[in-house]
Structure formats: C-alpha cells, structure tokens
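J.: I'd like to ask some things about the structure below.
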Amino acid sequence: MNVVALVLQAGLRDLSRNRWIVAYALCFLAIAEGLFWFGGTGPQVLLSLLNLVLLVVPLVSLVFGTVHVYASREFVELLLAQPVPRRQLFAGLYLGLALPLAGAFVLGAGIPFVAHARDGATVGGVAALLCAGVGLSLAFSAIATWIALYTDDRLKGVGLALGAWLATTVVYDGLVLGASAAFGDYPLERPLLALMLTNPVDVARVLVITQLDVSALMGYTGALFQHTFGTPVGTGIAAAALLAWCVIPLGLAGHRFLRRDF
Amino acid sequence: MTRRTNCGLLALMVSVAAPARAADLTVGAGGQFASISAALAAARPGDRVIVRAGMYREQTLVIRTPRLTLEGQGWPVLDGQGEREVLVIAADDVTVRGLVAMNTGVSNLEDRAGIRARDVRGCVIEGNRLRDNLWGIYLQRSAGCVVRDNDIEAHGARQTESGNGIHLWYSSGARVERNHVRGHRDGIYFEFSPHGITRDNVSERSQRYGLHFMFSDSCRYEHNMFRDNNSGVAVMYSRGVVIAENRFERSWGSAAYGLLLKDIMGGAITNNTFLRNSTGLFVEGSSRLQVTGNVFTQNGWAAKVLADADENVFSGNEFSGNAFDVTTNSRSANSTFDGNWWDEYAGFDLNRDGVGDTSFHPVRLFALVVEQHPAALLLLRSPLVSILDAAERVLPVLTPEALVDHHPLMRPPR
C-alpha cells in the first residue's frame with residue numbers, strides 16, 4: 001500500500017473533521033455570495049474577492065499550516081516507528097495539509113460564481129482568481145511546513161508564520177513602492193516586473209489583474225505589463241514562479257524532515 | 001371674371017405645373033442614357049436622375065444643376081478606379097441617395113472624396129454606401145446640408161494614407177444623423193463648422209478619433225456610439241458644445257481617451273456612458289462645463305481633470321468599477337465634484353436622505369503616485385495600496401484637499 005496515499009487519507013480525514021477548515025470554506029462562500037447578494041456584478045465581486053484572497057489565503061495557510069504540522073507531530077513520530085519511507089510520509093503530510101486548504105478555497109469561492117454565471121464575470125477572470133488562490137494555498141502551505149519543521153518552539157513558529165505573512169503581503173510591496181519612487185528617473189518597468197515574480201502574493205495578484213483591470217493596463221506601463229504577463233507565455237512564467245514558491249520551501253522542509261531526529 | 005383674376009389663375013396654374021414638368025432621366029439598362037455624366041448634362045433644375053443597378057466607371061461626376069435628385073435603384077456602383085474623386089455636388093439643394101461610391105484611391109496631392117459638396121447650400125446626402133474611399137463624404141464650405149443613413153467603410157492601412165469618414169470644413173448648420181462609419185482616420189470630423197447636430201451615428205474602429213471637432217461652436221452631439229476607436233474622441237477649441245447620451249467604449253492605449261476635451265468653454269456633458277476606456281474623460285484647459293448624469297464604468301481612469309481646467313462642475317455622475325475614479329496633476333483643485341455616486345464610498349447615511357453624511361475624496365493617493373511614477377502601476381490592487389489609500393483618506397497629506405465630494409449619493413442616480 002502506498003504510504004503517501006495512506007498518510008494523505010489520514011490527513012484528509014483529520015482535516016475534514018476539523019471545524020476550522022469547514023469554517024474557512026463557508027467563510028469564502030458567505031462573502032462571495034454576499035457580494036453578489038448586495039448587488040455586485042461579476043467583475044466587481046471578483047475585484048472585492050481579490051483583495052480578500054491576497055490577504056486571507058496566505059494568512060490562513062501559514063497559521064493553520066504551522067499549527068497543523070505541530071499538531072501532527074505525534075502522528076508522524078508514531079508512523080516513523082514503523083518501516084515507512086520518510087520521503088513518502090513527508091509527501092503525505094504536505095498534501096494532507098495543502099489539498100484540503102486549496103479545496104476548501106475553490107469550493108467556497110467558486111460555487112457563487114457558478115451559481116451567478118450570468119452576472120458577467122469572465123471565465124478567464126474567475127479561473128485566474130481560483131488558480132491564484134490555489135497557488136497561494138499550495139505555496140504558503142509549503143512555507144508553513146518549512147517553518148514548523150525549522151523550529152520546535154510553537155510560539156516562535158507561529159510568530160515566524162505571521163512575520164512571513166506581513167512581509168509578503170504588505171512590507172514587500174512597500175519596498176517596491178519606495179524603490180519605484182526613489183529610482184523614478186530610471187526606466188524601472190522591467191526590474192519591477194522581475195521583482196513581482198519573486199513574491200508569491202504579487203505573482204498571484206498579477207495573474208488576476210491581467211485578466212480584470214484590462215482597461216487600466218492599456219497605458220504604456222500597463223501595456224508592457226500586459227504583454228509580459230497577459231500572454232499565454234507570461235501566464236506560464238507567472239505560474240512557474242508560483243510553482244517555484246511551492247517547490248523551494250518544500251525542498252528545504254523535506255531536506256530537514258529527512259535528516260532530523262524526531 | 002375679370003382680366004385680373006384670369007391672370008392670377010394663370011400664374012397659379014403655371015406655378016403648380018412647374019414642378020410637374022420636372023422629368024425623370026433614367027441611366028443604365030433600359031434607360032435613356034448610357035452614362036451618368038450624359039444624364040447630368042441633360043438634366044434641368046428639379047429633375048430626377050435615376051441610376052439603375054450596374055457598374056459605372058466614368059470621369060469624376062459633377063452636379064451643376066440646382067434642385068437635382070440623383071437616385072440609385074438597386075445599388076449602382078460608381079467606381080473611382082483608384083485614381084479619382086467619384087461625385088461632386090456643385091449646385092444648391094441637390095439630393096443624392098442610394099448610390100455606392102467606391103475606390104477613390106490614395107493621393108497625397110489631392111483630397112479625393114467619395115461624395116463631395118463644394119460651396120453649396122441645402123444638399124441632402126442620404127442612404128448611400130461608401131467603400132474604400134480616401135475621404136468618405138466631404139462637405140466643403142457648404143451650409144445647411146444633411147448627411148444621414150449612410151454606411152461608410154474603409155480599410156486604410158495607415159493614418160497617413162487615410163482620410164475622414166464624414167468631413168465638414170467651414171460648413172455650418174449641418175445635420176449628421178444615423179450614419180455608420182468604420183475604419184477611416186477620423187470617423188466624423190468638424191472644423192470651423194458651427195451649429196451642427198450630430199445624432200444617432202455609430203463610429204467605430206477609426207484609426208484615430210471616432211469624432212474629432214475643432215473650432216465648431218454651439219454644436220450638439222447626441223445618442224452616438226463611439227467604440228474601438230484607436231484614440232477615442234477628441235473635441236477642442238469650441239464653445240457651447242452639448243454632448244449628451246453618447247456611448248464611449250473601448251478606447252485603449254496610453255494616448256487613448258473615451259472623450260478628450262481641450263479648451264472647451266461652457267458646454268454640457270450629460271448622460272453619457274464611458275465604458276472600458278484607458279481614460280474615460282480627459283479634461284484639459286476647459287472651463288464652465290456641466291458634467292452631469294454620466295456613467296463611468298470599468299475604465300482605467302474614469303476622469304482625468306488637469307489643474308488648468310476650472311469651474312467645471314461634476315454632479316449626479318456614477319463611478320463604478322474603475323481602477324481610478326479621479327486623478328489630477330496638482331494639489332489645487334479648480335473643478336467641483338458634488339453629489340456623485342462612487343462605488344468606493346464607504347460612508348453612512350443616518351438621516352436617510354440619500355446623501356452620505358461624510359464626504360468622499362475621489363482622488364486616491366495611489367493615483368497621484370502612478371501619475372508621477374508610472375512604473376508603480378504594477379502595484380495596482382495590492383493590499384498595501386489599499387491601506388495607504390485608506391490612511392490618506394482619513395488624513396489627506398498629498399491628495400488635493402479641496403477636491404472633495406461633500407454630498408456623495410448613497411445610490412446610483414439612475
């Protein structure tokens with residue numbers, strides 16, 4: 001029997017019984033449905049949800065993820081006593097965290113758009129928002145796993161998670177804004193495009209606004225932006241950047257998981 | 001009966017009989033004339049020249065007979081063969097309808113038009129089709145003409161090798177109605193042509209402006225549709241202009257505007273819709289405009305109002321789903337925003353009179369930052385930007401303090 005599947009199964013059962021993940025899904029469902037309910041049209045609901053996704057998905061994935069990995073500690077120690085390959089155990093541990101989070105988000109945020117399909121949200125826009133949310137869930141679950149395995153001190157772990165959230169959602173953009181003001185005399189577009197790729201939250205935001213804010217992106221800077229990220233190649237680059245944000249923390253976490261003494 | 005009444009009766013009979021003497025001259029299959037030019041040469045004032053279906057390749061046709069009607073039946077085609085103007089109206093009160101005028105070819109030396117009216121009064125150009133002409137319909141120093149129900153299309157490859165769809169030059173009091181213009185340089189163009197009425201036209205896919213007018217005072221533009229024009233619509237150097245119930249859609253680009261106003265004095269911009277433009281309304285150097293009841297939806301910048309525009313009043317407009325509602329280039333604000341509906345307004349209305357109790361600052365800090373540092377646009381919709389905007393709204397430090405809507409509406413006005 002495949003250990004990945006087993007651990008994943010255990011994780012899924014554990015999490016689906018978990019009230020928090022159900023509340024998370026219901027929360028997105030209520031907000032998206034509520035935005036439609038209060039007279040929003042498809043594009044407006046998408047834009048309102050975008051801000052929520054950029055803030056809430058990383059926060060929940062990081063905090064919930066670190067807490068979950070700490071809570072799974074005894075389960076992991078129990079399994080490690082058995083003849084089980086560590087690599088597969090680790091894969092199951094991560095997928096058991098990331099998949100329910102991503103699934104809860106897709107269900108919660110996606111169902112209202114299917115129900116209100118006639119309200120004019122473009123398929124591209126909804127797909128971009130859902131992909132961005134899933135990408136953020138996967139990436140920040142990986143970062144959370146890494147943080148939880150990096151330090152045994154739970155308080156420190158959750159603190160690091162919150163710090164990572166603040167850094168990626170707000171501080172990083174503040175630095176970019178500062179840089180664009182400080183070096184405003186230089187042609188900054190291309191360096192800034194590169195900077196956007198090195199932050200998962202920015203990558204997710206870029207993926208969505210190239211679909212939504214088309215009219216604002218038709219000026220000179222926006223057009224360059226649109227040409228870079230709005231094309232299939234650009235979308236592929238952005239998706240690859242987001243994937244890198246899953247793979248690299250996961251590699252670091254896995255490296256630690258394989259070597260550490262539980 | 002006296003001799004006097006006899007004379008009167010005779011005069012009456014003559015005057016009634018005179019129009020009846022107007023003849024129909026038929027050109028083409030089964031008609032009296034083989035060529036249009038022969039029929040035009042034979043026609044007398046008030047006659048009707050009927051052109052049957054067919055292909056007519058003649059020298060440039062010139063109508064010199066007043067009150068003549070030139071009418072096509074079954075869409076006869078007048079072909080310029082790529083080397084000349086097709087039809088010139090050079091007499092008063094001429095009517096031209098039902099013709100297909102095509103293929104004037106491109107010239108850098110002469111302005112070739114499908115149909116040109118030159119130094120005349122009261123011409124009517126209606127229900128014609130114009131295809132692939134350098135200029136479509138050209139009114140030149142012609143007063144009181146009517147251009148309606150024409151379908152005008154061109155496929156010019158470049159701006160420099162293309163003319164305007166409907167072009168008015170020193171032609172006052174014109175009525176331009178229900179025309180459909182596609183693919184010309186400027187769809188509809190007015191220069192030195194005051195007192196015109198432009199209504200119910202569709203102007204789209206122009207290589208430059210859907211509508212372009214300059215030095216044309218007291219004109220009205222109503223119920224027109226301007227969409228997918230390369231640079232939108234530009235109106236300049238005019239007074240007393242009324243622009244009402246038009247739609248300005250999908251003008252995309254760094255120098256594209258739904259409606260660009262430059263040096264317009266004392267006009268009304270009423271009940272128009274601005275949808276999906278890079279910049280919806282751009283106001284420069286214009287004063288005493290009433291901008292009322294317009295809808296700005298899903299534009300990049302709904303309204304850019306520069307500091308050299310003064311005493312303009314924006315009221316009863318609806319702003320929703322725009323990346324930026326209002327931006328300007330200075331801390332001083334010389335235009336007034338009062339009683340508009342803003343989808344970003346988050347205030348409350350305790351006395352339930354439909355007017356928000358707290359005022360709204362439509363200029364976002366981020367809009368000013370982007371104005372000065374365009375590259376910062378990459379942070380659009382970032383949570384950080386929302387936080388900065390919120391902070392700036394509570395305590396304006398950089399945005400124009402005077403640019404405030406003190407009576408924001410709680411519901412869209414329409």
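Following the order of the structure tokens, chains are lettered A, B, ..., residues in each are numbered from 1, and ligands are numbered from 1.
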Show which residues sit within 8 Å of Ala256 in chain B, as a ChimeraX atom specification. Count only C-alpha atoms, and ignore same-chain residues fewer than 5 positions away.
T.: /B:230-232,251,277-279
J.: Can I get the selection written as a compact mmCIF listing (two decimals), in the first residue's frame, with C-alpha atoms?
T.:
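Below is the file result07.txt, written as the result:
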# COMPACT_ATOMS: atom_id res chain seq x y z
CA ASN B 230 -7.78 53.97 -31.79
CA SER B 231 -7.59 57.24 -29.86
CA GLY B 232 -11.22 57.69 -28.83
CA SER B 251 -10.57 53.25 -26.38
CA ASN B 277 -11.58 53.08 -21.77
CA SER B 278 -7.98 53.53 -20.64
CA THR B 279 -9.09 57.05 -19.70
J.: Select all residues from chain B having any atom no more than 12 Å from an atom of chain A (counting only C-alpha atoms, ignoring ligands), output as a VMD selection string.
T.: chain B and resid 230 to 231 249 to 258 274 to 280 297 to 302 320 to 325 343 to 344 366 to 388 411 to 412
J.: DSSP on the backbone: what in range 344-385 of chain B comes out alpha helix (DSSP H), as a compact mmCIF listing (two decimals) with N, CA, C and O atoms, in the first residue's frame?
T.:
# COMPACT_ATOMS: atom_id res chain seq x y z
N LEU B 365 -4.46 58.38 -3.25
CA LEU B 365 -3.03 58.65 -3.17
C LEU B 365 -2.28 57.88 -4.26
O LEU B 365 -1.40 58.40 -4.93
N PHE B 366 -2.69 56.62 -4.43
CA PHE B 366 -2.01 55.78 -5.41
C PHE B 366 -2.13 56.36 -6.84
O PHE B 366 -1.22 56.23 -7.64
N ALA B 367 -3.27 57.01 -7.11
CA ALA B 367 -3.45 57.61 -8.44
C ALA B 367 -2.39 58.69 -8.67
O ALA B 367 -1.83 58.81 -9.75
N LEU B 368 -2.10 59.48 -7.62
CA LEU B 368 -1.06 60.51 -7.75
C LEU B 368 0.32 59.89 -7.89
O LEU B 368 1.16 60.36 -8.66
N VAL B 369 0.56 58.83 -7.12
CA VAL B 369 1.85 58.14 -7.20
C VAL B 369 2.07 57.62 -8.62
O VAL B 369 3.14 57.80 -9.22
N VAL B 370 1.03 56.99 -9.18
CA VAL B 370 1.16 56.44 -10.53
C VAL B 370 1.35 57.56 -11.55
O VAL B 370 2.08 57.42 -12.53
N GLU B 371 0.68 58.71 -11.31
CA GLU B 371 0.82 59.85 -12.20
C GLU B 371 2.29 60.28 -12.28
O GLU B 371 2.81 60.61 -13.33
N GLN B 372 2.97 60.25 -11.11
CA GLN B 372 4.38 60.68 -11.07
C GLN B 372 5.37 59.57 -11.37
O GLN B 372 6.42 59.80 -11.95
N PRO B 383 -2.70 44.90 -1.47
CA PRO B 383 -3.25 45.25 -0.15
C PRO B 383 -2.57 46.49 0.44
O PRO B 383 -3.24 47.32 1.06
N LEU B 384 -1.26 46.62 0.21
CA LEU B 384 -0.55 47.79 0.73
C LEU B 384 -1.16 49.08 0.21
O LEU B 384 -1.35 50.05 0.94
N VAL B 385 -1.48 49.09 -1.09
CA VAL B 385 -2.05 50.28 -1.71
C VAL B 385 -3.40 50.61 -1.08
O VAL B 385 -3.70 51.79 -0.82
J.: Neighbours of Arg73 in chain A within 12 Å (only C-alpha atoms; same-chain residues fewer than 4 positions away dropped), as a CSV table (one decimal) with C-alpha atoms, in the first residue's frame?
T.:
chain,number,residue,atom,x,y,z
A,66,THR,CA,2.1,25.6,11.1
A,67,VAL,CA,-0.4,24.7,13.8
A,68,HIS,CA,-1.4,21.6,11.9
A,69,VAL,CA,2.1,20.4,11.3
A,77,GLU,CA,6.5,10.0,15.3
A,78,LEU,CA,4.2,7.0,15.6
A,79,LEU,CA,4.5,6.3,11.9
A,80,LEU,CA,8.2,6.8,11.9
A,90,PHE,CA,6.6,13.8,4.1
A,93,LEU,CA,2.0,15.2,5.4
A,145,THR,CA,5.6,23.2,6.7
A,148,ALA,CA,7.1,24.2,11.5
A,149,LEU,CA,9.9,21.8,10.8
A,152,ASP,CA,10.3,23.2,17.6
A,154,ARG,CA,5.5,26.5,18.6
A,257,PHE,CA,12.4,16.3,7.5
A,262,PHE,CA,12.3,13.2,16.0
J.: Can you tell me, as a list of chain:residue names, what residues are no more than 9 Å from Ser61 in chain A when counting only C-alpha atoms, ignoring any on the same chain fewer than 6 positions away?
T.: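 The residues satisfying every condition are A:Leu97, A:Ala98, A:Leu101, A:Leu136, A:Ser137, A:Leu138, A:Ala139, A:Phe140, A:Ser141, A:Ala142, A:Ile143, A:Ala144.
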J.: Only N, CA, C and O atoms, please: the residues just picked out, written as a PDB file, in the first residue's frame.
T.:
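Dumped everything to part01.pdb:
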ATOM      1  N   LEU A  97      -2.176  18.609   4.077  1.00  0.00           N
ATOM      2  CA  LEU A  97      -2.436  19.977   4.523  1.00  0.00           C
ATOM      3  C   LEU A  97      -2.893  20.867   3.364  1.00  0.00           C
ATOM      4  O   LEU A  97      -3.907  21.557   3.450  1.00  0.00           O
ATOM      5  N   ALA A  98      -2.103  20.788   2.243  1.00  0.00           N
ATOM      6  CA  ALA A  98      -2.322  21.750   1.160  1.00  0.00           C
ATOM      7  C   ALA A  98      -3.607  21.472   0.386  1.00  0.00           C
ATOM      8  O   ALA A  98      -4.335  22.409   0.046  1.00  0.00           O
ATOM      9  N   LEU A 101      -6.858  22.679   2.113  1.00  0.00           N
ATOM     10  CA  LEU A 101      -6.910  24.146   2.107  1.00  0.00           C
ATOM     11  C   LEU A 101      -7.301  24.666   0.732  1.00  0.00           C
ATOM     12  O   LEU A 101      -8.196  25.509   0.600  1.00  0.00           O
ATOM     13  N   LEU A 136      -1.598  30.153  -4.125  1.00  0.00           N
ATOM     14  CA  LEU A 136      -1.230  30.726  -2.828  1.00  0.00           C
ATOM     15  C   LEU A 136      -1.368  29.680  -1.718  1.00  0.00           C
ATOM     16  O   LEU A 136      -0.507  29.580  -0.829  1.00  0.00           O
ATOM     17  N   SER A 137      -2.446  28.877  -1.761  1.00  0.00           N
ATOM     18  CA  SER A 137      -2.639  27.835  -0.745  1.00  0.00           C
ATOM     19  C   SER A 137      -1.474  26.859  -0.753  1.00  0.00           C
ATOM     20  O   SER A 137      -0.911  26.534   0.302  1.00  0.00           O
ATOM     21  N   LEU A 138      -1.111  26.403  -1.959  1.00  0.00           N
ATOM     22  CA  LEU A 138      -0.025  25.422  -2.061  1.00  0.00           C
ATOM     23  C   LEU A 138       1.299  26.030  -1.605  1.00  0.00           C
ATOM     24  O   LEU A 138       2.058  25.411  -0.843  1.00  0.00           O
ATOM     25  N   ALA A 139       1.582  27.259  -2.065  1.00  0.00           N
ATOM     26  CA  ALA A 139       2.867  27.874  -1.739  1.00  0.00           C
ATOM     27  C   ALA A 139       2.987  28.149  -0.235  1.00  0.00           C
ATOM     28  O   ALA A 139       4.004  27.820   0.394  1.00  0.00           O
ATOM     29  N   PHE A 140       1.936  28.732   0.353  1.00  0.00           N
ATOM     30  CA  PHE A 140       2.054  29.084   1.767  1.00  0.00           C
ATOM     31  C   PHE A 140       1.919  27.875   2.682  1.00  0.00           C
ATOM     32  O   PHE A 140       2.447  27.886   3.797  1.00  0.00           O
ATOM     33  N   SER A 141       1.285  26.789   2.213  1.00  0.00           N
ATOM     34  CA  SER A 141       1.318  25.536   2.975  1.00  0.00           C
ATOM     35  C   SER A 141       2.744  25.016   3.032  1.00  0.00           C
ATOM     36  O   SER A 141       3.202  24.511   4.068  1.00  0.00           O
ATOM     37  N   ALA A 142       3.459  25.121   1.889  1.00  0.00           N
ATOM     38  CA  ALA A 142       4.842  24.667   1.845  1.00  0.00           C
ATOM     39  C   ALA A 142       5.699  25.497   2.799  1.00  0.00           C
ATOM     40  O   ALA A 142       6.518  24.958   3.566  1.00  0.00           O
ATOM     41  N   ILE A 143       5.482  26.836   2.777  1.00  0.00           N
ATOM     42  CA  ILE A 143       6.262  27.704   3.663  1.00  0.00           C
ATOM     43  C   ILE A 143       5.935  27.378   5.121  1.00  0.00           C
ATOM     44  O   ILE A 143       6.838  27.318   5.991  1.00  0.00           O
ATOM     45  N   ALA A 144       4.642  27.114   5.399  1.00  0.00           N
ATOM     46  CA  ALA A 144       4.240  26.784   6.765  1.00  0.00           C
ATOM     47  C   ALA A 144       4.900  25.489   7.230  1.00  0.00           C
ATOM     48  O   ALA A 144       5.397  25.397   8.368  1.00  0.00           O
TER      49      ALA A 144
END
J.: Using only C-alpha atoms, determine which residues lie at most 6 Å from range 190-193 of chain B, disregarding the query and same-chain residues fewer than 6 positions distant; provide the list as a PyMOL selection string.
T.: chain B and resi 168-172+213-216
J.: For N, CA and C atoms, I'd like the residues from the last selection saved as an mmCIF file, in the first residue's frame.
T.:
data_model
loop_
_atom_site.group_PDB
_atom_site.id
_atom_site.type_symbol
_atom_site.label_atom_id
_atom_site.label_comp_id
_atom_site.auth_asym_id
_atom_site.auth_seq_id
_atom_site.Cartn_x
_atom_site.Cartn_y
_atom_site.Cartn_z
ATOM 1 N N LEU B 168 -16.386 67.730 -42.336
ATOM 2 C CA LEU B 168 -17.042 69.025 -42.538
ATOM 3 C C LEU B 168 -16.022 70.138 -42.357
ATOM 4 N N TRP B 169 -15.926 71.006 -43.333
ATOM 5 C CA TRP B 169 -14.956 72.094 -43.261
ATOM 6 C C TRP B 169 -15.668 73.384 -43.643
ATOM 7 N N TYR B 170 -15.737 74.332 -42.724
ATOM 8 C CA TYR B 170 -16.481 75.573 -42.940
ATOM 9 C C TYR B 170 -17.898 75.284 -43.432
ATOM 10 N N SER B 171 -18.576 74.345 -42.787
ATOM 11 C CA SER B 171 -19.932 74.002 -43.219
ATOM 12 C C SER B 171 -20.852 74.103 -42.014
ATOM 13 N N SER B 172 -21.555 75.220 -41.894
ATOM 14 C CA SER B 172 -22.339 75.436 -40.682
ATOM 15 C C SER B 172 -23.727 74.836 -40.814
ATOM 16 N N PHE B 213 -13.620 67.230 -33.380
ATOM 17 C CA PHE B 213 -14.042 68.538 -33.873
ATOM 18 C C PHE B 213 -13.258 69.669 -33.242
ATOM 19 N N MET B 214 -13.054 70.680 -34.026
ATOM 20 C CA MET B 214 -12.274 71.836 -33.597
ATOM 21 C C MET B 214 -12.929 73.100 -34.127
ATOM 22 N N PHE B 215 -12.875 74.149 -33.349
ATOM 23 C CA PHE B 215 -13.384 75.459 -33.762
ATOM 24 C C PHE B 215 -14.809 75.367 -34.290
ATOM 25 N N SER B 216 -15.630 74.556 -33.648
ATOM 26 C CA SER B 216 -17.017 74.405 -34.106
ATOM 27 C C SER B 216 -17.925 74.683 -32.910
#
J.: I need the strand (DSSP E or B) residues of range 58-126 of chain B per DSSP on the backbone, written as a PyMOL selection string.
T.: chain B and resi 61-63+69-72+77-79+87-89+95-97+100-102+113-118+121+124-126
J.: Hey, what's within 7 Å of range 1-10 of chain A if we count only C-alpha atoms and toss same-chain stuff fewer than 5 positions away? As a list in words, please?
T.: Gln88, Leu89, Ala91, Gly92, Leu93, Leu95 and Gly96 of chain A
J.: Tell me, in Å to one decimal, how far CA of Val77 in chain B is from CA of Asp149 in chain B.
T.: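 A separation of 17.4 Å between them.
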J.: Need the shell around Pro396 in chain B: protein/DNA/RNA residues with any atom at most 10 Å away, counting only C-alpha atoms. Skip same-chain ones fewer than 4 positions apart. Format as a list in words?
T.: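 Listing them by chain and then by number gives His361, Arg364, Leu365, Asp389, Ala390, Ala391, Glu392, Pro400 and Glu401 of chain B.
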J.: Would you mind reading off the distance between CA of Leu35 in chain A and CA of Asn317 in chain B, one decimal, in Å?
T.: 22.9 Å
J.: Could you tell me how far CA of Asp151 in chain B sits from CA of Glu71 in chain B, in Å to one decimal place?
T.: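 Going from CA of Glu71 in chain B over to CA of Asp151 in chain B, I get 15.8 Å.
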